[in-house]
Amino acid sequence: MKAITVTATLGAVLLAGTIIGFLAQADEFTKKDQERWQNEYMAVVQKGRALWTSAELGTKGVACAQCHPNAANTHPETYPKFQQQLGRVIALREMINWCIQQPLEGKPLAFDDPKMIALESYIAYERRGVRMDPGKH
Amino acid sequence: MNDFRLNRRDFIKRAGVATAAAAFPLSVVELAFGAAQDKFTFAHISDAHIQHVKGTEFVRNWDRGLIRAVAEANLLTPKPDFVMFGGDLAQLGTKEELDHGAEMLSRLRHKTYCVMGEHDYYLDLGEYWSKLFGPHYYSFDHKGVHFVVLNSILTYDEWTYNRWPTARQRMLEMAGLDNPNGSPFMVGEKQREWLRADLARVAKTTPIVLFSHSPIQKLYKGWNFWTEDAEQVQALLKPFPTVTVIYGHVHQIQYNQVGNITFHSVMATAWPWPYPQSYAQAEHAMPKLTVPMNRADPFFERDATGWQFIDMDTGRVMMDYNLYNNTSRVVAYNPATRQPEDRVYQDPSKRIPPQDHY
Ligand SMILES: [Fe+2]
Ligand SMILES: [Fe+2]
């Protein structure tokens with residue numbers, strides 16, 4: 001029963017694709033695609049780095065980079081994790097907002113704000129290669 | 001010695017609460033110190049990073065760090081012979097920041113000396129700082145110890161004089177610790193020649209204590225935990241068997257021994273920095289001897305900041321890190337092993353989880 005539904009849906013999608021004149025090959029991409037996607041990511045990393053070193057997230061001229069050079073001591077590989085001062089398991093973006101509100105005296109970002117994504121992208125980039133270790137304090 | 005230390009800390013804690021309680025340690029301490037001429041104390045406060053917001057407003061967090069250090073240092077009993085301020089009084093070297101910082105330092109009831117930091121220097125190349133605090137490098141003798149203060153945050157002339165369109169941009173470029181547009185710190189030839197001449201007049205048996213802002217050793221270039229001509233400066237110090245270098249800039253506890261030289265860093269009053277090993281992309285050489293400070297808790301804004309009081313005993317340093325939100329740490333020269341060691345945590349079996357940095 002389930003299998004039939006899936007086939008039917010797939011068929012409809014394929015048909016729709018053919019009708020509007022292109023057929024996306026979901027499992028095929030080229031080196032060029034990969035390069036483009038990497039460049040898209042790096043462009044957002046650059047935005048994150050710019051935010052990291054600017055006072056724009058706060059109100060007093062203080063920047064993240066003042067205390068976290070190269071985003072060190074942000075430990076993205078340990079999230080989600082229990083944050084003892086808040087008494088619950090939180091995501092990295094909640095700690096980002098915490099630091100925006102406290103040392104920077106700024107307004108928290110919406111979790112899907114492009115600035116939040118840029119900060120996360122930069123933090124993750126500086127931490128590339130480090131093993132995932134969720135929950136580690 | 002330990003008793004005295006506890007008494008003194010008790011005194012600081014209780015002062016202002018119970019005057020009667022303070023009277024006892026005060027007298028004990030004076031007795032203990034009345035005897036030996038070669039024992040004395042001084043305090044070391046560093047890296048206040050006073051930061052101007054606008055008008056009369058300054059970043060509250062950094063102000064609080066320095067205000068507290070000054071207030072506590074004023075309570076020290078016995079009185080320290082002097083206070084050294086280790087550099088980075090300002091954040092962007094402006095007159096407003098230096099004036100505000102100098103005003104806070106002026107409340108110290110002790111003779112105060114200052115070291116130049118890069119945040120004080122790169123706006124006007126130390127001109128206004130000089131008006132407030134005097135020469136950029138100098139030496140003095142005190143109770144048998146020869147003290148030297150260097151300006152170790154100079155850099156290549158091309159970078160300083162030709163690279164940047166404005167003084168303000170030059171300051172901003174050097175103020176970013178992890179900024180790839182920065183430039184390595186150095187003492188420079190002129191000052192090294194001055195040091196050579198200065199030391200030539202000092203008997204080789206005299207203990208030397210040298211203050212600098214950057215470490216006079218090469219730890220991690222990416223964050224300027226580094227002095228480009230460190231080896232040349234170390235070579236000038238080589239003929240002296242008892243040498244201690246005390247440096248700021250790194251905002252964290254570090255100590256090690258290089259030949260005849262004992263190195264100690266000091267804490268910042270403003271904010272702590274990660275150890276370079278916390279930066280996954282970095283190549284670095286941190287001192288193996290160092291038992292790190294505890295990882296900072298961001299929910300306590302003064303955690304992992306603090307200031308130091310120092311006991312000089314026959315020319316050796318006992319560095320007492322007075323940490324605002326944490327157990328204090330004592331690092332002292334151990335004559336048996338001929339290196340500085342933490343009084344509690346040096347033995348690997350004594351380490352505690354907050355000392356793991358990653
Ligand atoms: Fe500093
Ligand atoms: Fe510095």
# chains A, B, ... in the order shown; residues from 1 in each chain; ligands from 1
$ residues_near_ligand --ligand "ligand 2" --cutoff "8 Å" --atoms "only C-alpha atoms and all ligand atoms" --output "compact mmCIF listing (two decimals) with all heavy atoms, in the first residue's frame"
# COMPACT_ATOMS: atom_id res chain seq x y z
N ASP B 47 46.13 44.50 31.45
CA ASP B 47 45.13 44.30 30.40
C ASP B 47 43.72 44.69 30.84
O ASP B 47 42.82 43.85 30.91
CB ASP B 47 45.20 42.85 29.90
CG ASP B 47 46.49 42.59 29.15
OD1 ASP B 47 47.51 42.25 29.80
OD2 ASP B 47 46.51 42.77 27.92
N GLY B 87 50.16 46.83 30.78
CA GLY B 87 49.88 47.21 29.40
C GLY B 87 48.47 46.89 28.95
O GLY B 87 47.75 46.14 29.61
N ASP B 88 48.07 47.46 27.80
CA ASP B 88 46.68 47.43 27.32
C ASP B 88 45.75 48.05 28.36
O ASP B 88 44.75 47.47 28.78
CB ASP B 88 46.22 46.00 26.97
CG ASP B 88 46.82 45.49 25.68
OD1 ASP B 88 47.50 46.27 24.97
OD2 ASP B 88 46.63 44.28 25.36
N GLY B 117 51.28 48.57 26.14
CA GLY B 117 50.64 47.49 25.39
C GLY B 117 50.30 47.96 23.98
O GLY B 117 50.27 49.17 23.71
N GLU B 118 50.04 47.01 23.08
CA GLU B 118 49.77 47.42 21.70
C GLU B 118 48.49 48.25 21.59
O GLU B 118 48.38 49.13 20.74
CB GLU B 118 49.71 46.19 20.77
CG GLU B 118 48.40 45.39 20.74
CD GLU B 118 48.30 44.37 21.88
OE1 GLU B 118 49.02 44.52 22.89
OE2 GLU B 118 47.48 43.42 21.78
N HIS B 119 47.53 48.02 22.48
CA HIS B 119 46.29 48.79 22.44
C HIS B 119 46.49 50.23 22.93
O HIS B 119 45.65 51.08 22.70
CB HIS B 119 45.21 48.12 23.29
CG HIS B 119 44.67 46.86 22.69
ND1 HIS B 119 43.50 46.82 21.97
CD2 HIS B 119 45.15 45.59 22.70
CE1 HIS B 119 43.27 45.59 21.57
NE2 HIS B 119 44.27 44.81 22.00
N ALA B 175 44.64 45.94 16.88
CA ALA B 175 43.77 45.60 18.02
C ALA B 175 43.11 44.24 17.85
O ALA B 175 42.74 43.60 18.84
CB ALA B 175 42.72 46.68 18.23
N HIS B 213 55.12 43.48 27.69
CA HIS B 213 53.71 43.19 27.43
C HIS B 213 53.56 41.84 26.75
O HIS B 213 52.81 40.98 27.20
CB HIS B 213 53.08 44.31 26.62
CG HIS B 213 51.60 44.10 26.41
ND1 HIS B 213 50.70 44.14 27.45
CD2 HIS B 213 50.89 43.78 25.30
CE1 HIS B 213 49.49 43.88 26.99
NE2 HIS B 213 49.57 43.65 25.69
N SER B 214 54.32 41.63 25.68
CA SER B 214 54.26 40.32 25.01
C SER B 214 55.27 39.38 25.67
O SER B 214 56.24 39.83 26.28
CB SER B 214 54.60 40.48 23.52
OG SER B 214 55.87 41.08 23.37
N GLY B 248 52.24 40.39 30.12
CA GLY B 248 50.78 40.46 30.04
C GLY B 248 50.33 39.91 28.70
O GLY B 248 50.82 38.88 28.24
N HIS B 249 49.42 40.60 28.07
CA HIS B 249 48.95 40.35 26.70
C HIS B 249 48.15 39.05 26.51
O HIS B 249 47.20 39.04 25.74
CB HIS B 249 50.11 40.37 25.69
CG HIS B 249 49.65 40.17 24.27
ND1 HIS B 249 48.85 41.10 23.63
CD2 HIS B 249 49.83 39.15 23.39
CE1 HIS B 249 48.57 40.65 22.41
NE2 HIS B 249 49.15 39.48 22.24
N VAL B 250 48.52 37.97 27.19
CA VAL B 250 47.92 36.67 26.85
C VAL B 250 46.60 36.40 27.59
O VAL B 250 45.88 35.47 27.25
CB VAL B 250 48.90 35.50 27.08
CG1 VAL B 250 50.10 35.64 26.16
CG2 VAL B 250 49.35 35.42 28.54
$ interface_residues --of "chain A" --to "chain B" --cutoff "6 Å" --atoms "only C-alpha atoms" --output "count of residues only"
5
$ closest_residue --among "B:Gly86, B:Pro348, B:Pro335, B:Gly65" --to "His44 of chain B" --atoms "only C-alpha atoms"
B:Gly86
$ select_by_dssp --residues "segment 101-227 of chain B" --states "alpha helix (DSSP H)" --output "MDAnalysis selection string"
chainID B and resid 101:105 118:121 127:133 157 167:175 189:200
$ closest_residue --among "A:Asn39, A:Ser54, A:Thr74, A:Gln66" --to "ligand 1" --atoms "only C-alpha atoms and all ligand atoms"
A:Gln66
$ residues_around --residues "His146 of chain B" --least-positions-apart "2" --cutoff "8 Å" --atoms "only C-alpha atoms" --output "VMD selection string"
chain B and resid 139 to 142 144 148 202 206 to 209
$ residues_around --residues "Arg128 of chain A" --least-positions-apart "2" --cutoff "10 Å" --atoms "only C-alpha atoms" --output "list in words"
Pro76, Glu77, Tyr122, Ile123, Ala124, Tyr125, Glu126, Val130 and Arg131 of chain A; Ala280 and Gln281 of chain B
$ closest_residue --among "B:Trp164, B:Phe82, B:Tyr247, B:Phe147" --to "ligand 1" --atoms "only C-alpha atoms and all ligand atoms"
B:Tyr247
$ residues_around --residues "segment 93-105 of chain B" --least-positions-apart "2" --cutoff "7 Å" --atoms "only C-alpha atoms" --output "number ranges by chain"
B: 50-52, 67, 70, 89-91, 107-108, 119-123, 128-129
$ write_last_selection --atoms "all heavy atoms" --output "compact mmCIF listing (two decimals), in the first residue's frame"
# COMPACT_ATOMS: atom_id res chain seq x y z
N ILE B 50 40.29 49.41 28.78
CA ILE B 50 39.23 50.41 28.96
C ILE B 50 38.75 50.88 27.59
O ILE B 50 39.55 51.32 26.76
CB ILE B 50 39.78 51.60 29.80
CG1 ILE B 50 40.20 51.10 31.20
CG2 ILE B 50 38.76 52.73 29.87
CD1 ILE B 50 39.16 50.31 31.95
N GLN B 51 37.44 50.75 27.36
CA GLN B 51 36.91 50.94 26.01
C GLN B 51 35.83 52.01 26.01
O GLN B 51 34.84 51.91 26.73
CB GLN B 51 36.34 49.60 25.50
CG GLN B 51 35.89 49.62 24.06
CD GLN B 51 35.54 48.21 23.54
OE1 GLN B 51 35.75 47.21 24.22
NE2 GLN B 51 34.99 48.15 22.34
N HIS B 52 36.07 53.03 25.20
CA HIS B 52 35.16 54.17 25.12
C HIS B 52 33.93 53.80 24.29
O HIS B 52 34.07 53.25 23.20
CB HIS B 52 35.91 55.35 24.48
CG HIS B 52 35.17 56.64 24.57
ND1 HIS B 52 35.30 57.64 23.64
CD2 HIS B 52 34.29 57.10 25.48
CE1 HIS B 52 34.53 58.67 23.97
NE2 HIS B 52 33.90 58.36 25.09
N ILE B 67 38.51 48.54 38.28
CA ILE B 67 38.11 49.16 39.55
C ILE B 67 38.32 48.18 40.71
O ILE B 67 38.84 48.52 41.77
CB ILE B 67 36.63 49.62 39.49
CG1 ILE B 67 36.50 50.85 38.59
CG2 ILE B 67 36.08 49.92 40.89
CD1 ILE B 67 35.07 51.20 38.20
N VAL B 70 42.09 47.60 41.55
CA VAL B 70 42.65 48.76 42.27
C VAL B 70 42.17 48.75 43.72
O VAL B 70 42.95 48.93 44.65
CB VAL B 70 42.27 50.07 41.56
CG1 VAL B 70 42.55 51.29 42.44
CG2 VAL B 70 43.01 50.18 40.23
N LEU B 89 46.10 49.27 28.75
CA LEU B 89 45.19 50.03 29.62
C LEU B 89 43.97 50.43 28.80
O LEU B 89 42.85 50.38 29.29
CB LEU B 89 45.92 51.29 30.15
CG LEU B 89 45.10 52.21 31.04
CD1 LEU B 89 44.63 51.48 32.29
CD2 LEU B 89 45.92 53.44 31.44
N ALA B 90 44.19 50.80 27.54
CA ALA B 90 43.11 51.24 26.65
C ALA B 90 42.75 50.12 25.67
O ALA B 90 43.48 49.14 25.55
CB ALA B 90 43.56 52.47 25.87
N GLN B 91 41.64 50.28 24.97
CA GLN B 91 41.27 49.34 23.90
C GLN B 91 41.73 49.88 22.55
O GLN B 91 42.29 49.14 21.76
CB GLN B 91 39.75 49.09 23.92
CG GLN B 91 39.22 48.27 22.75
CD GLN B 91 39.74 46.83 22.71
OE1 GLN B 91 40.34 46.34 23.67
NE2 GLN B 91 39.51 46.15 21.60
N ARG B 107 44.00 55.99 41.68
CA ARG B 107 43.47 55.69 43.03
C ARG B 107 44.33 54.70 43.78
O ARG B 107 44.10 54.46 44.97
CB ARG B 107 42.06 55.13 42.90
CG ARG B 107 41.17 56.26 42.46
CD ARG B 107 39.80 55.89 42.08
NE ARG B 107 39.28 57.05 41.38
CZ ARG B 107 38.07 57.50 41.48
NH1 ARG B 107 37.21 56.88 42.23
NH2 ARG B 107 37.68 58.59 40.82
N LEU B 108 45.29 54.07 43.12
CA LEU B 108 46.21 53.17 43.83
C LEU B 108 47.00 53.98 44.84
O LEU B 108 47.52 55.05 44.54
CB LEU B 108 47.16 52.49 42.84
CG LEU B 108 46.56 51.34 42.03
CD1 LEU B 108 47.45 51.02 40.83
CD2 LEU B 108 46.37 50.11 42.91
N HIS B 119 47.53 48.02 22.48
CA HIS B 119 46.29 48.79 22.44
C HIS B 119 46.49 50.23 22.93
O HIS B 119 45.65 51.08 22.70
CB HIS B 119 45.21 48.12 23.29
CG HIS B 119 44.67 46.86 22.69
ND1 HIS B 119 43.50 46.82 21.97
CD2 HIS B 119 45.15 45.59 22.70
CE1 HIS B 119 43.27 45.59 21.57
NE2 HIS B 119 44.27 44.81 22.00
N ASP B 120 47.61 50.47 23.63
CA ASP B 120 47.91 51.83 24.09
C ASP B 120 48.71 52.60 23.03
O ASP B 120 48.74 53.82 23.03
CB ASP B 120 48.78 51.78 25.37
CG ASP B 120 48.16 50.91 26.45
OD1 ASP B 120 46.93 50.99 26.64
OD2 ASP B 120 48.91 50.14 27.10
N TYR B 121 49.36 51.84 22.15
CA TYR B 121 50.45 52.39 21.34
C TYR B 121 50.05 52.82 19.93
O TYR B 121 50.46 53.87 19.44
CB TYR B 121 51.56 51.35 21.26
CG TYR B 121 52.80 51.79 20.52
CD1 TYR B 121 53.70 52.69 21.10
CD2 TYR B 121 53.07 51.32 19.23
CE1 TYR B 121 54.83 53.10 20.42
CE2 TYR B 121 54.20 51.73 18.55
CZ TYR B 121 55.09 52.61 19.15
OH TYR B 121 56.21 53.01 18.48
N TYR B 122 49.30 51.96 19.23
CA TYR B 122 49.24 52.08 17.77
C TYR B 122 48.35 53.18 17.22
O TYR B 122 48.27 53.36 16.01
CB TYR B 122 48.94 50.72 17.13
CG TYR B 122 50.22 49.89 17.04
CD1 TYR B 122 50.52 48.93 18.01
CD2 TYR B 122 51.16 50.16 16.06
CE1 TYR B 122 51.71 48.22 17.96
CE2 TYR B 122 52.35 49.46 16.00
CZ TYR B 122 52.63 48.50 16.95
OH TYR B 122 53.82 47.81 16.91
N LEU B 123 47.70 53.97 18.09
CA LEU B 123 46.98 55.14 17.55
C LEU B 123 47.97 56.29 17.32
O LEU B 123 48.11 56.78 16.21
CB LEU B 123 45.85 55.56 18.51
CG LEU B 123 44.97 56.69 17.98
CD1 LEU B 123 44.20 56.25 16.73
CD2 LEU B 123 43.98 57.16 19.05
N TYR B 128 50.59 60.08 23.67
CA TYR B 128 49.77 60.54 24.80
C TYR B 128 50.05 59.69 26.05
O TYR B 128 50.10 60.21 27.17
CB TYR B 128 48.27 60.51 24.45
CG TYR B 128 47.46 61.22 25.51
CD1 TYR B 128 47.64 62.59 25.71
CD2 TYR B 128 46.58 60.54 26.33
CE1 TYR B 128 46.95 63.26 26.71
CE2 TYR B 128 45.89 61.19 27.34
CZ TYR B 128 46.07 62.56 27.52
OH TYR B 128 45.39 63.21 28.53
N TRP B 129 50.24 58.41 25.85
CA TRP B 129 50.60 57.51 26.96
C TRP B 129 51.83 58.05 27.70
O TRP B 129 51.88 58.06 28.93
CB TRP B 129 50.87 56.12 26.38
CG TRP B 129 51.09 55.01 27.35
CD1 TRP B 129 50.16 54.11 27.80
CD2 TRP B 129 52.33 54.62 27.97
NE1 TRP B 129 50.74 53.21 28.65
CE2 TRP B 129 52.07 53.49 28.78
CE3 TRP B 129 53.64 55.10 27.92
CZ2 TRP B 129 53.05 52.85 29.53
CZ3 TRP B 129 54.63 54.47 28.66
CH2 TRP B 129 54.33 53.35 29.46
$ select_by_dssp --residues "segment 81-275 of chain B" --states "strand (DSSP E)" --output "ChimeraX atom specification"
/B:83-85,112-114,138-142,145-149,208-212,243-247,255-258,261-265
$ write_last_selection --atoms "C-alpha atoms" --output "mmCIF file, in the first residue's frame"
data_model
loop_
_atom_site.group_PDB
_atom_site.id
_atom_site.type_symbol
_atom_site.label_atom_id
_atom_site.label_comp_id
_atom_site.auth_asym_id
_atom_site.auth_seq_id
_atom_site.Cartn_x
_atom_site.Cartn_y
_atom_site.Cartn_z
ATOM 1 C CA VAL B 83 52.279 48.237 41.573
ATOM 2 C CA MET B 84 53.144 47.365 37.992
ATOM 3 C CA PHE B 85 50.502 47.858 35.325
ATOM 4 C CA THR B 112 52.701 52.745 40.114
ATOM 5 C CA TYR B 113 54.788 51.824 37.072
ATOM 6 C CA CYS B 114 53.423 51.095 33.602
ATOM 7 C CA TYR B 138 63.297 52.128 31.596
ATOM 8 C CA SER B 139 64.887 50.348 34.535
ATOM 9 C CA PHE B 140 65.120 50.822 38.287
ATOM 10 C CA ASP B 141 66.723 49.132 41.267
ATOM 11 C CA HIS B 142 64.732 48.089 44.285
ATOM 12 C CA VAL B 145 66.730 43.522 42.440
ATOM 13 C CA HIS B 146 67.236 45.145 39.045
ATOM 14 C CA PHE B 147 63.879 45.774 37.354
ATOM 15 C CA VAL B 148 63.638 46.408 33.613
ATOM 16 C CA VAL B 149 60.561 47.508 31.673
ATOM 17 C CA ILE B 208 66.783 40.602 37.235
ATOM 18 C CA VAL B 209 63.034 40.999 36.805
ATOM 19 C CA LEU B 210 61.998 42.092 33.338
ATOM 20 C CA PHE B 211 58.478 43.309 32.522
ATOM 21 C CA SER B 212 57.142 43.240 28.989
ATOM 22 C CA VAL B 243 66.120 36.154 35.709
ATOM 23 C CA THR B 244 62.342 36.408 35.716
ATOM 24 C CA VAL B 245 60.243 37.735 32.845
ATOM 25 C CA ILE B 246 56.676 38.792 33.670
ATOM 26 C CA TYR B 247 54.400 39.508 30.734
ATOM 27 C CA TYR B 255 54.613 29.830 33.082
ATOM 28 C CA ASN B 256 57.738 28.005 32.048
ATOM 29 C CA GLN B 257 61.509 27.922 32.332
ATOM 30 C CA VAL B 258 63.894 28.571 29.444
ATOM 31 C CA ILE B 261 64.881 32.575 32.604
ATOM 32 C CA THR B 262 61.666 31.954 34.530
ATOM 33 C CA PHE B 263 58.604 33.142 32.620
ATOM 34 C CA HIS B 264 55.296 34.109 34.210
ATOM 35 C CA SER B 265 52.278 35.587 32.476
#
$ residues_around --residues "Asn294 of chain B" --least-positions-apart "6" --cutoff "8 Å" --atoms "only C-alpha atoms" --output "ChimeraX atom specification"
/B:304,354-356
$ write_last_selection --atoms "C-alpha atoms" --output "mmCIF file, in the first residue's frame"
data_model
loop_
_atom_site.group_PDB
_atom_site.id
_atom_site.type_symbol
_atom_site.label_atom_id
_atom_site.label_comp_id
_atom_site.auth_asym_id
_atom_site.auth_seq_id
_atom_site.Cartn_x
_atom_site.Cartn_y
_atom_site.Cartn_z
ATOM 1 C CA ALA B 304 39.007 33.905 34.621
ATOM 2 C CA PRO B 354 38.089 22.625 34.415
ATOM 3 C CA GLN B 355 41.820 22.755 33.506
ATOM 4 C CA ASP B 356 41.178 20.746 30.302
#
$ closest_residue --among "B:Thr337, B:Leu323, B:Ile153, B:Pro184" --to "ligand 1" --atoms "only C-alpha atoms and all ligand atoms"
B:Ile153
$ closest_residue --among "B:Pro340, B:Pro80, B:Pro215, B:Gly126" --to "ligand 1" --atoms "only C-alpha atoms and all ligand atoms"
B:Pro215
$ residues_around --residues "segment 80-87 of chain A" --least-positions-apart "4" --cutoff "8 Å" --atoms "only C-alpha atoms" --output "MDAnalysis selection string"
(chainID A and resid 91:92 134:137) or (chainID B and resid 299)
$ write_last_selection --atoms "N, CA and C atoms" --output "PDB file, in the first residue's frame"
ATOM      1  N   ALA A  91      20.753  24.410  22.085  1.00  0.00           N
ATOM      2  CA  ALA A  91      21.469  24.403  20.808  1.00  0.00           C
ATOM      3  C   ALA A  91      22.525  25.497  20.819  1.00  0.00           C
ATOM      4  N   LEU A  92      23.493  25.361  19.915  1.00  0.00           N
ATOM      5  CA  LEU A  92      24.569  26.351  19.815  1.00  0.00           C
ATOM      6  C   LEU A  92      24.009  27.769  19.666  1.00  0.00           C
ATOM      7  N   PRO A 134      28.729  15.526  20.859  1.00  0.00           N
ATOM      8  CA  PRO A 134      27.556  16.170  21.465  1.00  0.00           C
ATOM      9  C   PRO A 134      27.445  15.859  22.942  1.00  0.00           C
ATOM     10  N   GLY A 135      27.048  16.870  23.700  1.00  0.00           N
ATOM     11  CA  GLY A 135      26.830  16.681  25.127  1.00  0.00           C
ATOM     12  C   GLY A 135      28.050  16.937  25.978  1.00  0.00           C
ATOM     13  N   LYS A 136      29.235  17.028  25.357  1.00  0.00           N
ATOM     14  CA  LYS A 136      30.466  17.207  26.143  1.00  0.00           C
ATOM     15  C   LYS A 136      30.498  18.600  26.769  1.00  0.00           C
ATOM     16  N   HIS A 137      30.830  18.683  28.060  1.00  0.00           N
ATOM     17  CA  HIS A 137      30.988  19.998  28.654  1.00  0.00           C
ATOM     18  C   HIS A 137      32.422  20.485  28.452  1.00  0.00           C
TER      19      HIS A 137
ATOM     20  N   PHE B 299      28.803  32.813  32.338  1.00  0.00           N
ATOM     21  CA  PHE B 299      27.703  33.334  33.151  1.00  0.00           C
ATOM     22  C   PHE B 299      28.200  34.175  34.331  1.00  0.00           C
TER      23      PHE B 299
END
$ closest_residue --among "B:Tyr345, B:Tyr156, B:Trp62, B:Tyr161" --to "ligand 1" --atoms "only C-alpha atoms and all ligand atoms"
B:Trp62
$ atom_distance --atom1 "atom CA of Gln252 of chain B" --atom2 "atom CA of Ala73 of chain B"
19.5 Å
$ atom_distance --atom1 "atom CA of Leu109 of chain A" --atom2 "atom CA of Leu172 of chain B"
26.3 Å
$ atom_distance --atom1 "atom CA of Arg109 of chain B" --atom2 "atom CA of Asp81 of chain B"
10.4 Å
